[in-house]
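Enquirer: Below is the file structure.txt, which contains compact mmCIF, C-alpha atoms.
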# COMPACT_ATOMS: atom_id res chain seq x y z
CA MET A 7 -96.87 -130.81 26.62
CA ASN A 8 -93.50 -132.41 26.10
CA LEU A 9 -91.91 -132.58 29.55
CA VAL A 10 -88.28 -133.74 29.61
CA LEU A 11 -85.74 -134.42 32.32
CA PRO A 12 -81.98 -133.71 32.52
CA GLY A 13 -80.03 -136.38 30.65
CA GLN A 14 -82.91 -137.34 28.42
CA VAL A 15 -82.25 -137.64 24.66
CA VAL A 16 -84.62 -135.18 22.98
CA ALA A 17 -83.58 -135.22 19.31
CA ARG A 18 -80.96 -136.36 16.79
CA GLY A 19 -78.90 -134.50 14.25
CA ALA A 20 -80.00 -130.92 13.92
CA PRO A 21 -78.25 -128.06 15.75
CA ASN A 22 -79.17 -127.87 19.40
CA GLY A 23 -80.83 -124.99 21.19
CA GLU A 24 -81.02 -123.54 24.69
CA GLY A 25 -80.99 -125.96 27.59
CA THR A 26 -79.42 -128.85 25.69
CA VAL A 27 -75.99 -130.26 24.89
CA LYS A 28 -74.79 -132.29 21.92
CA ARG A 29 -73.11 -135.63 22.46
CA GLY A 30 -72.16 -136.91 19.06
CA ASP A 31 -75.37 -137.09 17.08
CA TYR A 32 -77.67 -136.88 20.10
CA ILE A 33 -79.16 -133.76 21.65
CA ILE A 34 -79.51 -134.19 25.41
CA SER A 35 -81.52 -132.04 27.77
CA THR A 36 -79.71 -130.35 30.65
CA ARG A 37 -82.91 -129.12 32.33
CA THR A 38 -86.26 -130.18 33.58
CA GLY A 39 -88.63 -128.33 31.24
CA ILE A 40 -90.65 -128.23 28.05
CA PHE A 41 -89.02 -129.43 24.81
CA ASP A 42 -89.56 -127.29 21.73
CA PRO A 43 -89.03 -129.49 18.57
CA GLU A 44 -88.63 -126.48 16.25
CA LYS A 45 -85.75 -124.82 18.14
CA ASN A 46 -84.51 -128.05 19.73
CA SER A 47 -84.47 -126.18 23.05
CA VAL A 48 -85.63 -127.01 26.56
CA THR A 49 -87.15 -124.15 28.54
CA TYR A 50 -89.24 -123.84 31.63
CA PRO A 51 -91.99 -121.28 32.00
CA ARG A 52 -91.01 -118.42 34.29
CA LYS A 53 -93.12 -118.20 37.41
CA VAL A 54 -95.38 -115.18 37.25
CA GLU A 55 -94.11 -112.69 39.85
CA GLU A 56 -96.51 -112.66 42.77
CA THR A 57 -97.50 -109.30 44.08
CA ALA A 58 -95.41 -108.89 47.21
CA VAL A 59 -97.30 -109.17 50.49
CA LEU A 60 -96.02 -106.71 53.06
CA PRO A 61 -96.90 -106.54 56.72
CA ASN A 62 -98.95 -103.51 57.62
CA VAL A 63 -100.06 -101.98 60.89
CA GLY A 64 -102.92 -104.21 62.05
CA SER A 65 -101.83 -107.31 60.10
CA ILE A 66 -101.89 -110.66 61.86
CA VAL A 67 -98.63 -112.47 61.12
CA LEU A 68 -97.09 -115.85 61.79
CA ALA A 69 -93.42 -115.79 62.69
CA ARG A 70 -90.67 -118.07 63.92
CA VAL A 71 -88.62 -116.95 66.93
CA SER A 72 -84.97 -116.71 65.89
CA ARG A 73 -83.28 -115.40 69.05
CA ILE A 74 -84.19 -113.97 72.43
CA ASN A 75 -82.59 -111.74 75.02
CA ALA A 76 -83.81 -110.14 78.25
CA ARG A 77 -85.42 -107.18 76.43
CA GLN A 78 -86.95 -108.62 73.27
CA ALA A 79 -87.59 -111.62 71.05
CA THR A 80 -86.49 -111.42 67.42
CA VAL A 81 -88.68 -113.27 64.92
CA ASN A 82 -88.84 -114.05 61.20
CA ILE A 83 -92.23 -113.24 59.71
CA SER A 84 -93.27 -115.72 57.01
CA VAL A 85 -97.08 -115.38 56.81
CA VAL A 86 -99.00 -112.10 56.64
CA ASP A 87 -102.80 -112.22 56.91
CA ASP A 88 -102.88 -115.90 55.85
CA VAL A 89 -100.67 -115.27 52.79
CA CYS A 90 -97.15 -116.69 52.59
CA THR A 91 -94.52 -114.03 51.97
CA LYS A 92 -91.87 -114.44 49.30
CA ASP A 93 -89.08 -113.37 51.64
CA GLU A 94 -89.05 -113.45 55.39
CA PHE A 95 -89.30 -110.17 57.27
CA GLN A 96 -87.63 -109.50 60.56
CA GLY A 97 -89.84 -108.57 63.48
CA VAL A 98 -89.27 -107.73 67.13
CA ILE A 99 -91.52 -108.38 70.11
CA HIS A 100 -90.46 -106.17 73.01
CA VAL A 101 -90.85 -107.52 76.52
CA GLN A 102 -93.54 -104.90 77.29
CA ASP A 103 -95.57 -106.02 74.26
CA ILE A 104 -95.76 -109.71 75.19
CA ARG A 105 -98.68 -109.59 77.63
CA ALA A 106 -101.54 -107.17 78.23
CA THR A 107 -101.57 -107.56 82.03
CA GLU A 108 -98.90 -107.87 84.74
CA LYS A 109 -96.42 -106.40 82.26
CA ASN A 110 -93.71 -105.89 84.88
CA LYS A 111 -93.61 -109.60 85.69
CA VAL A 112 -93.11 -110.73 82.09
CA LYS A 113 -89.89 -112.50 81.25
CA VAL A 114 -88.94 -113.17 77.63
CA GLN A 115 -87.47 -116.58 78.45
CA ASN A 116 -90.77 -117.63 80.07
CA SER A 117 -92.74 -116.55 76.99
CA PHE A 118 -90.82 -117.51 73.87
CA ARG A 119 -87.95 -119.80 72.92
CA PRO A 120 -86.03 -119.93 69.63
CA GLY A 121 -87.91 -122.15 67.17
CA ASP A 122 -91.41 -121.35 68.43
CA ILE A 123 -94.07 -120.30 65.91
CA VAL A 124 -95.89 -117.20 67.11
CA ARG A 125 -99.11 -115.52 65.99
CA ALA A 126 -98.66 -111.76 66.46
CA LEU A 127 -100.12 -108.39 65.51
CA VAL A 128 -98.11 -105.69 63.75
CA ILE A 129 -98.25 -102.51 65.85
CA SER A 130 -95.66 -100.44 64.01
CA LEU A 131 -93.59 -100.56 60.86
CA GLY A 132 -90.65 -100.40 63.23
CA ASP A 133 -87.15 -99.04 62.99
CA GLY A 134 -85.93 -99.80 59.50
CA SER A 135 -84.59 -103.27 60.24
CA SER A 136 -87.60 -104.86 61.91
CA TYR A 137 -91.35 -104.62 62.31
CA PHE A 138 -92.66 -104.18 65.86
CA LEU A 139 -95.12 -106.86 66.90
CA THR A 140 -97.30 -107.54 69.93
CA THR A 141 -98.84 -110.66 71.41
CA ALA A 142 -100.83 -108.81 74.07
CA ARG A 143 -104.17 -110.44 73.26
CA ASN A 144 -105.73 -113.79 74.15
CA ASP A 145 -105.68 -115.12 70.57
CA LEU A 146 -102.02 -114.12 70.07
CA GLY A 147 -98.90 -115.90 71.26
CA VAL A 148 -97.14 -119.22 70.74
CA ILE A 149 -99.13 -121.62 68.55
CA PHE A 150 -96.45 -124.26 67.98
CA ALA A 151 -93.50 -125.18 70.16
CA GLN A 152 -91.18 -128.09 70.73
CA SER A 153 -89.79 -128.83 74.15
CA SER A 154 -86.25 -127.55 74.56
CA GLU A 155 -85.58 -130.51 76.87
CA THR A 156 -87.06 -133.46 74.95
CA GLY A 157 -87.79 -132.05 71.47
CA GLU A 158 -91.37 -133.32 71.56
CA GLN A 159 -94.22 -131.12 70.35
CA MET A 160 -95.97 -129.30 73.16
CA PHE A 161 -99.63 -128.44 73.63
CA PRO A 162 -101.08 -125.54 75.61
CA VAL A 163 -102.52 -126.47 79.01
CA ASP A 164 -103.26 -122.91 80.12
CA TYR A 165 -102.31 -119.40 78.99
CA GLN A 166 -98.81 -119.68 80.45
CA HIS A 167 -97.85 -123.33 80.16
CA MET A 168 -97.31 -125.89 77.42
CA GLN A 169 -96.86 -129.59 77.96
CA THR A 170 -95.48 -132.53 76.02
CA LYS A 171 -97.39 -135.77 75.67
CA SER A 172 -95.12 -137.33 78.28
CA GLY A 173 -96.08 -134.63 80.76
CA TYR A 174 -93.01 -132.37 80.67
CA THR A 175 -94.09 -128.76 81.20
CA GLU A 176 -92.51 -125.51 80.00
CA MET A 177 -93.60 -121.88 80.20
CA ARG A 178 -94.83 -120.02 77.13
CA LYS A 179 -97.15 -117.13 76.27
CA CYS A 180 -99.78 -119.33 74.63
CA ALA A 181 -102.30 -118.20 72.04
CA LYS A 182 -105.91 -119.22 72.57
CA PRO A 183 -106.49 -122.05 70.09
CA ILE A 184 -108.87 -121.14 67.26
CA LEU A 185 -111.37 -123.99 67.25
CA ASP A 186 -113.62 -124.82 64.33
CA GLU A 187 -117.28 -124.77 65.22
CA MET B 15 -83.32 -150.96 92.37
CA ALA B 16 -82.33 -151.92 95.89
CA GLU B 17 -79.03 -150.19 95.30
CA VAL B 18 -80.79 -146.90 94.76
CA GLU B 19 -82.34 -147.16 98.20
CA GLU B 20 -78.93 -147.63 99.77
CA LYS B 21 -77.45 -144.62 98.03
CA GLY B 22 -76.63 -141.89 100.45
CA LEU B 23 -74.56 -138.75 100.16
CA LEU B 24 -71.33 -138.67 98.15
CA SER B 25 -72.42 -141.45 95.84
CA TYR B 26 -72.12 -141.76 92.09
CA TYR B 27 -74.99 -141.06 89.73
CA PHE B 28 -75.44 -141.44 85.99
CA PRO B 29 -77.44 -139.24 83.60
CA GLY B 30 -81.15 -140.06 83.75
CA GLU B 31 -81.12 -141.40 87.28
CA ARG B 32 -83.59 -139.96 89.70
CA ILE B 33 -82.46 -138.59 93.06
CA PRO B 34 -84.40 -140.64 95.65
CA ASP B 35 -86.87 -138.62 97.71
CA SER B 36 -85.31 -139.94 100.92
CA ILE B 37 -82.24 -137.75 100.57
CA ILE B 38 -84.06 -134.63 99.37
CA SER B 39 -84.72 -132.21 102.19
CA GLN B 40 -88.47 -131.74 102.50
CA ASP B 41 -88.49 -128.35 104.23
CA GLY B 42 -87.99 -125.14 102.30
CA SER B 43 -86.87 -124.67 98.74
CA ILE B 44 -83.99 -126.67 97.25
CA ARG B 45 -81.16 -125.14 95.25
CA LEU B 46 -79.92 -127.26 92.36
CA GLY B 47 -76.37 -126.91 91.08
CA PRO B 48 -74.83 -128.15 87.84
CA GLY B 49 -75.83 -131.62 86.69
CA LEU B 50 -79.26 -131.65 88.29
CA VAL B 51 -82.56 -130.94 86.53
CA PHE B 52 -85.94 -130.36 88.09
CA GLN B 53 -88.78 -132.02 86.21
CA LYS B 54 -92.50 -131.88 86.57
CA LYS B 55 -94.13 -134.94 85.12
CA ASP B 56 -97.82 -135.71 85.49
CA ARG B 57 -98.05 -133.58 88.64
CA GLU B 58 -95.14 -135.55 90.06
CA GLU B 59 -92.02 -133.54 90.82
CA GLU B 60 -88.63 -135.13 90.56
CA ILE B 61 -84.95 -134.26 90.44
CA VAL B 62 -83.06 -136.00 87.65
CA VAL B 63 -79.31 -136.23 87.12
CA SER B 64 -78.05 -134.86 83.79
CA LYS B 65 -74.34 -135.77 83.98
CA ALA B 66 -72.23 -138.49 85.56
CA GLY B 67 -70.56 -137.67 88.85
CA ARG B 68 -70.73 -137.60 92.59
CA LEU B 69 -73.66 -136.05 94.41
CA HIS B 70 -72.68 -133.35 96.87
CA GLN B 71 -75.01 -131.74 99.35
CA THR B 72 -73.55 -128.39 100.22
CA GLY B 73 -75.00 -126.16 102.89
CA LYS B 74 -78.71 -125.92 103.41
CA ASN B 75 -80.84 -127.70 100.83
CA ALA B 76 -78.25 -127.23 98.08
CA MET B 77 -77.20 -130.11 95.83
CA LEU B 78 -74.89 -130.50 92.89
CA ILE B 79 -73.20 -133.18 90.79
CA ASP B 80 -69.44 -132.94 91.01
CA SER B 81 -67.36 -134.28 88.14
CA ARG B 82 -63.93 -133.36 86.83
CA THR B 83 -65.20 -131.28 83.96
CA LYS B 84 -63.49 -128.27 82.43
CA ARG B 85 -66.42 -127.07 80.35
CA TYR B 86 -68.00 -124.06 81.98
CA ILE B 87 -71.77 -123.64 81.64
CA PRO B 88 -72.85 -120.32 83.14
CA ALA B 89 -75.27 -120.40 86.06
CA THR B 90 -76.88 -117.48 87.86
CA ASN B 91 -74.83 -116.13 90.81
CA ASP B 92 -71.60 -117.85 89.74
CA GLN B 93 -68.51 -115.77 90.43
CA VAL B 94 -66.38 -115.72 87.29
CA ILE B 95 -63.20 -114.16 85.95
CA GLY B 96 -63.67 -112.66 82.51
CA GLN B 97 -61.54 -110.88 79.95
CA ILE B 98 -62.84 -107.83 78.11
CA ILE B 99 -63.05 -108.61 74.39
CA SER B 100 -64.61 -105.44 73.05
CA ARG B 101 -66.44 -102.36 74.24
CA PHE B 102 -69.64 -100.92 72.83
CA ALA B 103 -71.96 -98.06 73.64
CA GLU B 104 -73.68 -99.55 76.69
CA GLY B 105 -70.98 -101.87 78.01
CA TYR B 106 -68.50 -104.61 77.30
CA ARG B 107 -68.37 -108.04 75.76
CA VAL B 108 -66.55 -110.41 78.09
CA ASP B 109 -65.03 -113.83 77.51
CA ILE B 110 -65.83 -116.06 80.50
CA GLY B 111 -64.81 -119.32 78.85
CA SER B 112 -68.38 -120.39 78.09
CA ALA B 113 -69.91 -121.24 74.74
CA HIS B 114 -71.22 -117.70 74.36
CA ILE B 115 -69.67 -114.31 75.04
CA ALA B 116 -71.11 -112.61 78.13
CA GLN B 117 -72.33 -109.04 78.29
CA LEU B 118 -71.31 -106.62 81.03
CA ASN B 119 -73.33 -103.42 81.23
CA ALA B 120 -71.30 -100.27 81.89
CA LEU B 121 -73.80 -99.37 84.62
CA ALA B 122 -73.45 -102.72 86.42
CA PHE B 123 -70.72 -101.44 88.76
CA GLU B 124 -70.74 -99.92 92.23
CA ASN B 125 -71.44 -96.16 92.41
CA VAL B 126 -71.75 -95.67 88.68
CA THR B 127 -73.85 -93.02 87.00
CA ARG B 128 -74.27 -92.21 83.34
CA LYS B 129 -71.56 -89.56 83.70
CA SER B 130 -68.97 -91.56 85.63
CA ARG B 131 -68.46 -94.81 83.79
CA PRO B 132 -65.79 -97.38 84.50
CA ASN B 133 -62.98 -97.31 81.98
CA LEU B 134 -61.96 -100.87 81.15
CA ASN B 135 -59.65 -101.57 78.26
CA VAL B 136 -59.79 -104.49 75.88
CA GLY B 137 -57.78 -107.31 77.44
CA SER B 138 -58.24 -106.35 81.08
CA LEU B 139 -59.66 -108.82 83.58
CA VAL B 140 -62.81 -108.46 85.66
CA TYR B 141 -64.19 -110.41 88.58
CA ALA B 142 -67.94 -110.52 88.12
CA ARG B 143 -71.13 -112.30 89.08
CA VAL B 144 -73.36 -113.97 86.48
CA SER B 145 -76.68 -112.14 86.75
CA LEU B 146 -78.48 -113.89 83.91
CA ALA B 147 -77.87 -117.35 82.54
CA ASP B 148 -80.24 -119.16 80.25
CA ARG B 149 -80.02 -121.89 77.65
CA ASP B 150 -81.16 -119.62 74.83
CA MET B 151 -79.68 -116.28 75.91
CA GLU B 152 -76.28 -114.67 76.15
CA PRO B 153 -75.09 -114.60 79.76
CA GLU B 154 -75.03 -111.23 81.53
CA LEU B 155 -72.59 -110.13 84.22
CA GLU B 156 -72.67 -107.66 87.12
CA CYS B 157 -69.80 -106.22 89.14
CA PHE B 158 -71.66 -105.62 92.41
CA ASP B 159 -73.48 -107.55 95.11
CA ALA B 160 -77.16 -107.67 94.15
CA THR B 161 -78.40 -107.44 97.76
CA THR B 162 -76.24 -104.55 98.99
CA GLY B 163 -75.26 -102.76 95.78
CA LYS B 164 -71.66 -102.68 97.04
CA ALA B 165 -68.63 -103.79 95.04
CA ALA B 166 -67.97 -106.71 97.46
CA GLY B 167 -64.68 -107.66 95.81
CA TYR B 168 -66.03 -107.56 92.25
CA GLY B 169 -64.52 -105.29 89.64
CA GLU B 170 -61.37 -104.95 87.60
CA LEU B 171 -58.43 -107.20 88.51
CA LYS B 172 -55.32 -105.08 88.11
CA ASN B 173 -51.83 -106.57 87.60
CA GLY B 174 -51.37 -110.18 88.69
CA TYR B 175 -51.61 -113.33 86.60
CA MET B 176 -54.57 -115.45 85.49
CA ILE B 177 -54.43 -119.27 85.43
CA THR B 178 -56.87 -120.77 82.94
CA GLY B 179 -58.07 -124.26 82.20
CA LEU B 180 -58.42 -125.58 85.76
CA SER B 181 -61.14 -128.13 86.37
CA LEU B 182 -64.36 -126.71 87.78
CA SER B 183 -64.29 -129.06 90.77
CA HIS B 184 -60.79 -127.80 91.64
CA CYS B 185 -62.06 -124.21 91.59
CA ARG B 186 -65.04 -125.22 93.73
CA LYS B 187 -62.60 -126.56 96.35
CA LEU B 188 -60.34 -123.49 96.19
CA ILE B 189 -63.22 -121.14 96.95
CA LEU B 190 -64.00 -122.86 100.27
CA PRO B 191 -62.93 -120.68 103.23
CA LYS B 192 -60.92 -123.50 104.85
CA ASN B 193 -58.88 -124.54 101.82
CA THR B 194 -55.66 -126.15 103.07
CA LEU B 195 -53.55 -125.13 100.09
CA LEU B 196 -54.39 -121.44 100.20
CA GLN B 197 -54.15 -121.29 104.00
CA THR B 198 -50.70 -122.90 103.91
CA LEU B 199 -49.46 -120.59 101.17
CA GLY B 200 -50.98 -117.60 102.95
CA SER B 201 -49.08 -118.30 106.14
CA TYR B 202 -45.78 -117.88 104.26
CA ILE B 203 -46.49 -115.40 101.44
CA PRO B 204 -48.93 -112.47 101.38
CA PHE B 205 -50.97 -112.57 98.17
CA GLU B 206 -54.29 -111.66 96.60
CA ILE B 207 -56.40 -114.28 94.87
CA ALA B 208 -59.69 -114.38 92.97
CA VAL B 209 -61.22 -117.76 92.17
CA GLY B 210 -63.72 -117.94 89.31
CA MET B 211 -66.19 -120.78 88.98
CA ASN B 212 -65.30 -120.90 85.29
CA GLY B 213 -61.96 -122.66 85.79
CA ARG B 214 -59.90 -119.49 86.13
CA VAL B 215 -57.87 -118.21 89.06
CA TRP B 216 -56.24 -114.80 89.31
CA VAL B 217 -53.21 -114.34 91.60
CA ASN B 218 -51.32 -111.21 92.56
CA SER B 219 -48.42 -110.90 95.00
CA GLU B 220 -45.47 -108.61 95.77
CA ASN B 221 -43.19 -109.96 93.08
CA LEU B 222 -43.27 -112.20 90.07
CA SER B 223 -41.45 -115.20 91.55
CA THR B 224 -43.95 -115.61 94.42
CA THR B 225 -46.83 -115.26 91.96
CA VAL B 226 -45.33 -118.01 89.80
CA LEU B 227 -44.86 -120.18 92.91
CA ILE B 228 -48.49 -119.79 93.96
CA CYS B 229 -49.74 -120.52 90.43
CA THR B 230 -47.57 -123.66 90.24
CA ALA B 231 -48.88 -124.84 93.60
CA ILE B 232 -52.52 -124.28 92.58
CA ARG B 233 -52.04 -126.09 89.25
CA ASN B 234 -50.36 -129.14 90.77
CA CYS B 235 -52.29 -129.64 93.99
CA GLU B 236 -55.63 -130.79 92.58
CA PHE B 237 -55.21 -134.48 93.42
CA MET B 238 -53.14 -134.18 96.60
CA SER B 239 -54.35 -134.92 100.10
CA ASP B 240 -54.18 -132.17 102.71
CA GLU B 241 -50.88 -133.50 104.14
CA GLU B 242 -49.34 -133.79 100.67
CA GLN B 243 -50.43 -130.23 99.85
CA ILE B 244 -48.77 -128.84 102.99
CA LYS B 245 -45.55 -130.76 102.29
CA TYR B 246 -45.54 -129.71 98.60
CA CYS B 247 -46.02 -126.04 99.50
CA LYS B 248 -43.22 -126.11 102.05
CA ASP B 249 -40.87 -127.75 99.52
CA LEU B 250 -41.69 -125.08 96.95
CA ILE B 251 -41.15 -122.23 99.39
CA LYS B 252 -37.79 -123.68 100.48
CA LYS B 253 -36.63 -123.62 96.86
CA LEU B 254 -37.61 -119.96 96.47
Would you write the structure of this file as structure tokens?
Expert:
Amino acid sequence: MNLVLPGQVVARGAPNGEGTVKRGDYIISTRTGIFDPEKNSVTYPRKVEETAVLPNVGSIVLARVSRINARQATVNISVVDDVCTKDEFQGVIHVQDIRATEKNKVKVQNSFRPGDIVRALVISLGDGSSYFLTTARNDLGVIFAQSSETGEQMFPVDYQHMQTKSGYTEMRKCAKPILDE
Amino acid sequence: MAEVEEKGLLSYYFPGERIPDSIISQDGSIRLGPGLVFQKKDREEEIVVSKAGRLHQTGKNAMLIDSRTKRYIPATNDQVIGQIISRFAEGYRVDIGSAHIAQLNALAFENVTRKSRPNLNVGSLVYARVSLADRDMEPELECFDATTGKAAGYGELKNGYMITGLSLSHCRKLILPKNTLLQTLGSYIPFEIAVGMNGRVWVNSENLSTTVLICTAIRNCEFMSDEEQIKYCKDLIKKL
């Protein structure tokens, strides 16, 4: 395989092909790619289109919280059933879908913050603009969060609290860590 | 660190300093105003200062850091003056001078049902209470007293004139019941006033010239002593 970089001289003389320019006698690559000596061209193989992964009812997804208000948290879904998606999908976690118990005491701001990574379950294909998700299970909830005060990474200390290494505590709806046996 | 021990009330603090336990009231819950942050660190609870200024203890177990700032950061239960920016199906978007636009639900007024909604136009002023304030959320407003459900002075401010861009500490002084400036002015001129904690004051009186006089007095009196304020007000009224 003849891998070339932009700016690299690939040939002399002959007419140049795709992905190259001529400077005087020299043919120079304008791309990172494979050089073809017969056509004097530089091309790169097109990535084979992956079959799109779509969230379905019952899928476990990973999503990043993008914004919150008193009624819901809006998230961007980027992993569906352990497969990365090509594009992000928008999802919504309503306040009544955050916890399984004591639902009337739940507050969005005590459960999620923008930037958190959440493991959630798809309960409905939603309303056209977003999937509806739930975290009302022990193994669902925030799995990664940085402190909004100090920016440090936080670790779960119980189901409702996360703490930084320095001991600063914030409230979250934590997911039960999945531990390898 | 000996200096910290000597610090009492009305003393200066810098960001990161810890409020010594000796001046924190130990009975009942403490209310923290702007510039103070509660932190829990290794089971130890502490109150840390987040901006430079003077520590004030106001009323029972309430503390705040007072500095001459003009930037308004919404806090729950603040009384604010807002201007309607746009209306949508469930309510209004209101500019309260903070980083984010506040939301005012159409049902957050006294005696309002789904059929009888308040009719506020874009540009009109409202006196409202901040019902929700959070670092990551848009602030929300209410135009009634949460405990009684009554209007309690909140609602649309009709006519009058709004002063903007006052310092927050000036507004905090104006809202005190025994404010010298307002009492002096009030003994000469009848007027209505609404003081927002967001650096805005709304004034309404019988005619334009008295309204202008009151606004001028409020703008210029921030750094005057009580005696100076009284003298300044009398001079202004003489010129009227």
Enquirer: If we draw a sphere of 9 Å around (-87.8, -105.7, 70.9), which residues have at least one atom in it when counting all atoms listed in the file? Please report them as a PDB file with C-alpha atoms, in the frame of the given file.
Expert:
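The resulting file, out39.pdb, is shown below:
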ATOM      1  CA  ASN A  75     -82.590-111.740  75.020  1.00  0.00           C
ATOM      2  CA  ARG A  77     -85.420-107.180  76.430  1.00  0.00           C
ATOM      3  CA  GLN A  78     -86.950-108.620  73.270  1.00  0.00           C
ATOM      4  CA  ALA A  79     -87.590-111.620  71.050  1.00  0.00           C
ATOM      5  CA  THR A  80     -86.490-111.420  67.420  1.00  0.00           C
ATOM      6  CA  GLY A  97     -89.840-108.570  63.480  1.00  0.00           C
ATOM      7  CA  VAL A  98     -89.270-107.730  67.130  1.00  0.00           C
ATOM      8  CA  ILE A  99     -91.520-108.380  70.110  1.00  0.00           C
ATOM      9  CA  HIS A 100     -90.460-106.170  73.010  1.00  0.00           C
ATOM     10  CA  VAL A 101     -90.850-107.520  76.520  1.00  0.00           C
ATOM     11  CA  GLN A 102     -93.540-104.900  77.290  1.00  0.00           C
ATOM     12  CA  ASP A 103     -95.570-106.020  74.260  1.00  0.00           C
ATOM     13  CA  PHE A 138     -92.660-104.180  65.860  1.00  0.00           C
ATOM     14  CA  LEU A 139     -95.120-106.860  66.900  1.00  0.00           C
TER      15      LEU A 139
END
Enquirer: In Å, rounded to a single decimal, give me how far atom CA of Lys192 of chain B is from atom CA of Glu241 of chain B.
Expert: 14.2 Å
Enquirer: Would you mind listing what lies within 9 Å of Val209 of chain B as a ChimeraX atom specification, with all atoms listed in the file counted and same-chain residues fewer than 2 positions away left out?
Expert: /B:93-95,141,185-186,188-189,207,211-217
Enquirer: Give as a short mmCIF file (atom, residue, chain, number, x, y, z; two decimals) with C-alpha atoms, keeping the file's coordinate frame every residue of chain B that touches chain A within 9 Å, counting all atoms listed in the file.
Expert:
data_model
loop_
_atom_site.label_atom_id
_atom_site.label_comp_id
_atom_site.auth_asym_id
_atom_site.auth_seq_id
_atom_site.Cartn_x
_atom_site.Cartn_y
_atom_site.Cartn_z
CA GLN B 53 -88.78 -132.02 86.21
CA LYS B 54 -92.50 -131.88 86.57
CA LYS B 55 -94.13 -134.94 85.12
CA ASP B 56 -97.82 -135.71 85.49
CA ARG B 57 -98.05 -133.58 88.64
CA LEU B 146 -78.48 -113.89 83.91
CA ASP B 148 -80.24 -119.16 80.25
CA ARG B 149 -80.02 -121.89 77.65
CA ASP B 150 -81.16 -119.62 74.83
CA MET B 151 -79.68 -116.28 75.91
CA GLU B 152 -76.28 -114.67 76.15
#
Enquirer: Using all atoms listed in the file, which of B:Gly96, B:Pro153, B:Pro29, B:Gly49 sits nearest His114 of chain B?
Expert: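 Ranked by minimum distance to His114 of chain B, first place goes to B:Pro153.
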Enquirer: Could you check how far atom CA of Thr90 of chain B sits from atom CA of Arg233 of chain B, in Å to one decimal?
Expert: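 Taking atom CA of Thr90 of chain B as the start and atom CA of Arg233 of chain B as the end point, the length is 26.3 Å.
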Enquirer: Return the single residue from A:Ser117, A:Thr107, A:Gln96, A:Ser47 that is closest to Ala151 of chain A, with distances computed using all atoms listed in the file.
Expert: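 Closest to Ala151 of chain A, using all atoms listed in the file: A:Ser117.
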Enquirer: In Å, how far is it from atom CA of Cys235 of chain B to atom CA of Tyr27 of chain B?
Expert: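 According to the coordinates, atom CA of Cys235 of chain B and atom CA of Tyr27 of chain B are separated by 25.8 Å.
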Enquirer: Neighbouring residues of Pro43 of chain A were defined as those with any atom within 10 Å, considering only C-alpha atoms; residues of the same chain fewer than 4 positions away were excluded. Please report them as a list in words.
Expert: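 What passes the distance filter is Asn8, Val16, Ala17, Gly23, Ser47 and Val48 of chain A.
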